[in-house]
$ cat final-v5.pdb   # PDB, C-alpha atoms
ATOM      1  CA  MET Z   1     130.851 107.300  91.837
ATOM      2  CA  ASN Z   2     128.096 109.578  90.638
ATOM      3  CA  ALA Z   3     125.906 111.256  93.177
ATOM      4  CA  GLN Z   4     122.296 110.632  92.285
ATOM      5  CA  VAL Z   5     120.838 114.021  93.096
ATOM      6  CA  ALA Z   6     117.807 114.452  90.889
ATOM      7  CA  LYS Z   7     116.135 117.550  89.473
ATOM      8  CA  ILE Z   8     112.747 118.505  90.891
ATOM      9  CA  ILE Z   9     109.633 118.513  88.686
ATOM     10  CA  THR Z  10     106.960 121.014  89.735
ATOM     11  CA  SER Z  11     103.319 120.934  88.688
ATOM     12  CA  VAL Z  12     100.015 122.432  89.847
ATOM     13  CA  ASN Z  13      96.564 120.870  89.415
ATOM     14  CA  GLU Z  14      93.956 122.586  87.216
ATOM     15  CA  ALA Z  15      92.198 124.248  90.161
ATOM     16  CA  GLY Z  16      95.530 125.676  91.303
ATOM     17  CA  ASP Z  17      95.131 124.505  94.897
ATOM     18  CA  VAL Z  18      97.534 121.524  94.943
ATOM     19  CA  GLY Z  19     101.194 121.746  94.018
ATOM     20  CA  ARG Z  20     103.241 118.618  93.318
ATOM     21  CA  PHE Z  21     107.006 118.498  93.747
ATOM     22  CA  GLU Z  22     108.816 115.288  92.871
ATOM     23  CA  LEU Z  23     112.173 113.926  91.845
ATOM     24  CA  ASP Z  24     112.664 113.731  88.098
ATOM     25  CA  CYS Z  25     112.938 110.006  87.424
ATOM     26  CA  SER Z  26     112.342 110.273  83.673
ATOM     27  CA  LYS Z  27     115.810 108.902  82.898
ATOM     28  CA  ARG Z  28     116.358 106.740  85.985
ATOM     29  CA  PHE Z  29     115.397 106.355  89.608
ATOM     30  CA  PRO Z  30     117.919 107.116  92.362
ATOM     31  CA  VAL Z  31     119.184 103.953  94.078
ATOM     32  CA  LEU Z  32     119.116 103.372  97.853
ATOM     33  CA  ALA Z  33     120.635  99.879  97.795
ATOM     34  CA  LYS Z  34     121.186  97.094  95.286
ATOM     35  CA  GLY Z  35     117.739  96.241  93.951
ATOM     36  CA  LEU Z  36     116.007  99.179  95.696
ATOM     37  CA  LYS Z  37     115.182 102.433  93.890
ATOM     38  CA  TYR Z  38     113.043 105.329  95.062
ATOM     39  CA  THR Z  39     111.363 108.596  94.286
ATOM     40  CA  ILE Z  40     110.104 111.317  96.648
ATOM     41  CA  THR Z  41     106.917 113.352  96.166
ATOM     42  CA  ARG Z  42     105.539 116.316  98.100
ATOM     43  CA  HIS Z  43     101.980 117.553  97.704
ATOM     44  CA  GLU Z  44     101.351 121.094  98.911
ATOM     45  CA  PHE Z  45      97.722 121.915  99.603
ATOM     46  CA  LYS Z  46      96.842 125.618  99.529
ATOM     47  CA  GLY Z  47      94.267 127.056 101.865
ATOM     48  CA  ALA Z  48      93.852 128.592 105.313
ATOM     49  CA  ASP Z  49      96.316 126.090 106.742
ATOM     50  CA  LEU Z  50      99.046 125.307 104.238
ATOM     51  CA  LYS Z  51      99.641 121.574 104.454
ATOM     52  CA  ASN Z  52     102.254 119.277 102.897
ATOM     53  CA  THR Z  53     102.331 115.508 102.523
ATOM     54  CA  TYR Z  54     105.495 113.552 101.757
ATOM     55  CA  HIS Z  55     105.685 110.113 100.168
ATOM     56  CA  VAL Z  56     108.622 107.896  99.273
ATOM     57  CA  MET Z  57     107.832 105.333  96.610
ATOM     58  CA  LEU Z  58     110.144 102.337  96.820
ATOM     59  CA  VAL Z  59     110.681 100.123  93.785
ATOM     60  CA  MET Z  60     112.191  96.701  94.416
ATOM     61  CA  ASP Z  61     113.829  94.783  91.573
ATOM     62  CA  GLY Z  62     113.080  91.070  91.467
ATOM     63  CA  PHE Z  63     110.840  91.058  94.547
ATOM     64  CA  PHE Z  64     108.272  88.336  94.059
ATOM     65  CA  THR Z  65     105.925  86.877  96.634
ATOM     66  CA  ASP Z  66     103.020  84.488  96.704
ATOM     67  CA  ALA Z  67     101.567  86.200  99.783
ATOM     68  CA  LEU Z  68      98.993  88.107  97.745
ATOM     69  CA  ASN Z  69      95.825  89.466  99.383
ATOM     70  CA  SER Z  70      97.666  89.963 102.645
ATOM     71  CA  ASN Z  71      99.386  92.888 104.309
ATOM     72  CA  MET Z  72     102.954  93.897 103.741
ATOM     73  CA  THR Z  73     104.939  96.010 106.194
ATOM     74  CA  ILE Z  74     107.442  98.552 104.915
ATOM     75  CA  SER Z  75     109.844 100.068 107.450
ATOM     76  CA  ALA Z  76     112.537 102.712 107.108
ATOM     77  CA  VAL Z  77     114.988 102.463 110.012
ATOM     78  CA  PHE Z  78     117.062 105.514 110.943
ATOM     79  CA  SER Z  79     120.419 105.824 112.725
ATOM     80  CA  ASP Z  80     118.860 106.348 116.178
ATOM     81  CA  GLY Z  81     116.764 103.167 115.813
ATOM     82  CA  THR Z  82     113.526 105.015 115.026
ATOM     83  CA  ALA Z  83     111.439 103.279 112.372
ATOM     84  CA  VAL Z  84     108.766 104.750 110.120
ATOM     85  CA  THR Z  85     106.392 101.922 109.244
ATOM     86  CA  GLU Z  86     103.554 101.638 106.782
ATOM     87  CA  GLN Z  87     101.147  98.733 106.119
ATOM     88  CA  GLU Z  88     100.099  98.106 102.546
ATOM     89  CA  THR Z  89      97.883  95.440 100.982
ATOM     90  CA  ILE Z  90      99.643  93.328  98.387
ATOM     91  CA  GLU Z  91      97.779  93.399  95.077
ATOM     92  CA  THR Z  92      94.696  91.220  94.761
ATOM     93  CA  ASP Z  93      95.038  90.618  91.023
ATOM     94  CA  GLY Z  94      97.750  87.991  91.403
ATOM     95  CA  TYR Z  95     100.683  90.280  90.656
ATOM     96  CA  PHE Z  96     102.940  92.336  92.881
ATOM     97  CA  ASP Z  97     104.815  94.946  90.861
ATOM     98  CA  GLY Z  98     107.525  95.558  93.458
ATOM     99  CA  ALA Z  99     106.446  99.136  94.270
ATOM    100  CA  CYS Z 100     105.184 100.373  97.622
ATOM    101  CA  THR Z 101     104.769 103.769  99.267
ATOM    102  CA  LEU Z 102     106.004 105.027 102.615
ATOM    103  CA  LYS Z 103     104.392 108.182 104.031
ATOM    104  CA  LEU Z 104     106.714 110.548 105.913
ATOM    105  CA  ALA Z 105     105.779 113.102 108.556
ATOM    106  CA  SER Z 106     105.334 116.720 107.533
ATOM    107  CA  PRO Z 107     107.930 118.133 107.728
ATOM    108  CA  PRO Z 108     110.042 114.935 107.355
ATOM    109  CA  VAL Z 109     112.378 115.708 110.272
ATOM    110  CA  LEU Z 110     113.717 112.151 110.653
ATOM    111  CA  GLY Z 111     114.730 111.941 107.005
ATOM    112  CA  LEU Z 112     116.432 115.335 107.136
ATOM    113  CA  THR Z 113     118.304 114.975 110.425
ATOM    114  CA  LEU Z 114     119.136 111.263 110.759
ATOM    115  CA  ASP Z 115     120.856 108.786 108.469
ATOM    116  CA  LEU Z 116     118.688 106.148 106.816
ATOM    117  CA  LYS Z 117     120.211 102.775 107.771
ATOM    118  CA  GLN Z 118     117.801 100.111 106.501
ATOM    119  CA  VAL Z 119     114.628  99.520 104.569
ATOM    120  CA  ILE Z 120     112.792  96.354 105.616
ATOM    121  CA  ILE Z 121     110.002  94.760 103.578
ATOM    122  CA  ASN Z 122     108.034  92.011 105.353
ATOM    123  CA  THR Z 123     105.207  90.071 103.691
ATOM    124  CA  GLY Z 124     104.685  87.649 106.564
ATOM    125  CA  THR Z 125     106.217  84.811 104.551
ATOM    126  CA  LYS Z 126     109.260  86.710 103.311
ATOM    127  CA  GLN Z 127     111.428  89.460 104.770
ATOM    128  CA  VAL Z 128     113.996  91.429 102.806
ATOM    129  CA  VAL Z 129     116.393  93.835 104.536
ATOM    130  CA  TYR Z 130     118.116  96.481 102.425
ATOM    131  CA  THR Z 131     121.165  98.032 104.106
ATOM    132  CA  ILE Z 132     121.752 101.661 103.107
ATOM    133  CA  THR Z 133     125.352 102.871 102.767
ATOM    134  CA  PRO Z 134     126.359 106.264 104.254
ATOM    135  CA  GLU Z 135     126.822 107.633 100.717
ATOM    136  CA  LYS Z 136     123.315 106.573  99.610
ATOM    137  CA  SER Z 137     121.842 107.899 102.864
ATOM    138  CA  LYS Z 138     123.472 111.275 102.194
ATOM    139  CA  GLU Z 139     122.073 111.332  98.623
ATOM    140  CA  PHE Z 140     118.611 110.481  99.983
ATOM    141  CA  LYS Z 141     118.832 113.354 102.498
ATOM    142  CA  THR Z 142     119.918 115.776  99.760
ATOM    143  CA  ASN Z 143     117.078 114.695  97.463
ATOM    144  CA  LEU Z 144     114.567 114.941 100.325
ATOM    145  CA  GLN Z 145     115.843 118.424 101.267
ATOM    146  CA  ASN Z 146     115.505 119.520  97.633
ATOM    147  CA  VAL Z 147     111.869 118.307  97.523
ATOM    148  CA  VAL Z 148     111.131 120.068 100.846
ATOM    149  CA  ASN Z 149     112.651 123.353  99.598
ATOM    150  CA  ALA Z 150     111.111 123.257  96.105
ATOM    151  CA  LYS Z 151     108.849 126.189  95.229
TER     152      LYS Z 151
END

$ encode --input "final-v5.pdb" --output "structure tokens"
Amino acid sequence: MNAQVAKIITSVNEAGDVGRFELDCSKRFPVLAKGLKYTITRHEFKGADLKNTYHVMLVMDGFFTDALNSNMTISAVFSDGTAVTEQETIETDGYFDGACTLKLASPPVLGLTLDLKQVIINTGTKQVVYTITPEKSKEFKTNLQNVVNAK
């Protein structure tokens, strides 16, 4: 099996005060579980207090719902039972593209120290649980560490 450790793409905005570090998904996205791909992005804001934000964009294949205009809950569950949860509004235009974003703490200690066990998507009318294998959890940790360390 191929490890899916991606290169890091680095960019800086025109003003030079925001750096962006993200996994290179130009050829393909890393896979967390069957039907669930992801990418990780870090924004580094320059200034008196250097600040980072971390986001994991999840892309679900074949995830369709008729629960539009309502909230969706995305949860990442770690090996100690801790869950990072984000609420997102499902698109109002009648289409859900299968992508949602989960914000991680800065620094993302849970993602670096614990194994990711599950990703749960709940629309209120539909719940999908993705179980993450130890191998995929390790790849996720490596990719996250690479984004954290990118300069």

$ atom_distance --input "final-v5.pdb" --atom1 "CA of Ser106 in chain Z" --atom2 "CA of Ser70 in chain Z"
28.3 Å

$ atom_distance --input "final-v5.pdb" --atom1 "CA of Lys151 in chain Z" --atom2 "CA of Val12 in chain Z"
11.0 Å

$ resolve_selection --input "final-v5.pdb" --expression "the PyMOL selection byres ((chain Z and resi 74) around 7)" --output "VMD selection string"
chain Z and resid 72 to 73 75 to 76 85 to 87 120 to 122

$ atom_distance --input "final-v5.pdb" --atom1 "CA of Ile40 in chain Z" --atom2 "CA of Thr125 in chain Z"
27.9 Å

$ closest_residue --input "final-v5.pdb" --among "Z:Asn71, Z:Thr142, Z:Thr53, Z:Thr131" --to "Gly35 in chain Z" --atoms "all atoms listed in the file"
Z:Thr131

$ resolve_selection --input "final-v5.pdb" --expression "the PyMOL selection byres ((chain Z and resi 36) around 7)" --output "list in words"
Val31, Leu32, Ala33, Lys34, Gly35, Lys37, Tyr38, Leu58, Val59, Met60 and Asp61 of chain Z

$ residues_around --input "final-v5.pdb" --residues "Asp80 in chain Z" --least-positions-apart "5" --cutoff "12 Å" --atoms "all atoms listed in the file" --output "PyMOL selection string"
chain Z and resi 110-111+113-118

$ closest_residue --input "final-v5.pdb" --among "Z:Val84, Z:Asp17, Z:Ser26, Z:Glu139" --to "Gly47 in chain Z" --atoms "only C-alpha atoms"
Z:Asp17

$ resolve_selection --input "final-v5.pdb" --expression "the PyMOL selection byres ((chain Z and resi 7) around 8)" --output "VMD selection string"
chain Z and resid 5 to 6 8 to 9 23 to 24

$ closest_residue --input "final-v5.pdb" --among "Z:Val119, Z:Val109, Z:Leu102, Z:Met57" --to "Lys141 in chain Z" --atoms "all atoms listed in the file"
Z:Val109

$ closest_residue --input "final-v5.pdb" --among "Z:Ile90, Z:Val18, Z:Thr123, Z:Leu112" --to "Asn146 in chain Z" --atoms "only C-alpha atoms"
Z:Leu112

$ axis_aligned_box --input "final-v5.pdb" --around "range 100-110 of chain Z" --padding-each-side "3 Å" --output "AutoDock Vina command-line options"
--center_x 109.1 --center_y 109.3 --center_z 104.1 --size_x 15.3 --size_y 23.8 --size_z 19.0

$ decode --input "final-v5.pdb" --residues "range 115-130 of chain Z" --atoms "N, CA, C and O atoms" --output "mmCIF file, in the first residue's frame"
data_model
loop_
_atom_site.group_PDB
_atom_site.id
_atom_site.type_symbol
_atom_site.label_atom_id
_atom_site.label_comp_id
_atom_site.auth_asym_id
_atom_site.auth_seq_id
_atom_site.Cartn_x
_atom_site.Cartn_y
_atom_site.Cartn_z
ATOM 1 N N ASP Z 115 -4.841 9.245 17.891
ATOM 2 C CA ASP Z 115 -5.256 8.650 16.622
ATOM 3 C C ASP Z 115 -6.670 9.095 16.287
ATOM 4 O O ASP Z 115 -7.548 9.128 17.150
ATOM 5 N N LEU Z 116 -6.896 9.413 15.028
ATOM 6 C CA LEU Z 116 -8.228 9.739 14.530
ATOM 7 C C LEU Z 116 -8.948 8.413 14.313
ATOM 8 O O LEU Z 116 -8.447 7.539 13.611
ATOM 9 N N LYS Z 117 -10.101 8.240 14.944
ATOM 10 C CA LYS Z 117 -10.840 6.971 14.881
ATOM 11 C C LYS Z 117 -12.039 7.022 13.947
ATOM 12 O O LYS Z 117 -12.328 6.055 13.255
ATOM 13 N N GLN Z 118 -12.781 8.147 13.968
ATOM 14 C CA GLN Z 118 -13.992 8.247 13.161
ATOM 15 C C GLN Z 118 -14.208 9.678 12.700
ATOM 16 O O GLN Z 118 -13.793 10.617 13.372
ATOM 17 N N VAL Z 119 -14.902 9.802 11.578
ATOM 18 C CA VAL Z 119 -15.458 11.069 11.151
ATOM 19 C C VAL Z 119 -16.947 10.815 10.986
ATOM 20 O O VAL Z 119 -17.348 9.862 10.312
ATOM 21 N N ILE Z 120 -17.760 11.651 11.643
ATOM 22 C CA ILE Z 120 -19.214 11.467 11.625
ATOM 23 C C ILE Z 120 -19.849 12.705 11.003
ATOM 24 O O ILE Z 120 -19.587 13.825 11.435
ATOM 25 N N ILE Z 121 -20.677 12.483 9.993
ATOM 26 C CA ILE Z 121 -21.421 13.556 9.336
ATOM 27 C C ILE Z 121 -22.890 13.315 9.662
ATOM 28 O O ILE Z 121 -23.418 12.232 9.394
ATOM 29 N N ASN Z 122 -23.564 14.323 10.238
ATOM 30 C CA ASN Z 122 -24.969 14.187 10.599
ATOM 31 C C ASN Z 122 -25.745 15.374 10.054
ATOM 32 O O ASN Z 122 -25.452 16.514 10.394
ATOM 33 N N THR Z 123 -26.741 15.091 9.209
ATOM 34 C CA THR Z 123 -27.564 16.152 8.620
ATOM 35 C C THR Z 123 -28.895 16.304 9.344
ATOM 36 O O THR Z 123 -29.702 17.146 8.977
ATOM 37 N N GLY Z 124 -29.139 15.483 10.346
ATOM 38 C CA GLY Z 124 -30.427 15.504 11.023
ATOM 39 C C GLY Z 124 -31.343 14.430 10.472
ATOM 40 O O GLY Z 124 -32.088 13.803 11.207
ATOM 41 N N THR Z 125 -31.275 14.201 9.148
ATOM 42 C CA THR Z 125 -32.073 13.136 8.546
ATOM 43 C C THR Z 125 -31.193 11.966 8.120
ATOM 44 O O THR Z 125 -31.700 10.893 7.799
ATOM 45 N N LYS Z 126 -29.896 12.177 8.121
ATOM 46 C CA LYS Z 126 -28.961 11.152 7.663
ATOM 47 C C LYS Z 126 -27.673 11.264 8.460
ATOM 48 O O LYS Z 126 -27.183 12.373 8.682
ATOM 49 N N GLN Z 127 -27.154 10.127 8.900
ATOM 50 C CA GLN Z 127 -25.856 10.119 9.583
ATOM 51 C C GLN Z 127 -24.961 9.108 8.896
ATOM 52 O O GLN Z 127 -25.374 7.979 8.635
ATOM 53 N N VAL Z 128 -23.738 9.531 8.597
ATOM 54 C CA VAL Z 128 -22.749 8.648 7.998
ATOM 55 C C VAL Z 128 -21.533 8.634 8.919
ATOM 56 O O VAL Z 128 -21.036 9.687 9.310
ATOM 57 N N VAL Z 129 -21.086 7.421 9.270
ATOM 58 C CA VAL Z 129 -19.911 7.254 10.126
ATOM 59 C C VAL Z 129 -18.802 6.629 9.294
ATOM 60 O O VAL Z 129 -18.971 5.549 8.717
ATOM 61 N N TYR Z 130 -17.683 7.335 9.202
ATOM 62 C CA TYR Z 130 -16.499 6.831 8.513
ATOM 63 C C TYR Z 130 -15.527 6.339 9.575
ATOM 64 O O TYR Z 130 -15.136 7.104 10.448
#
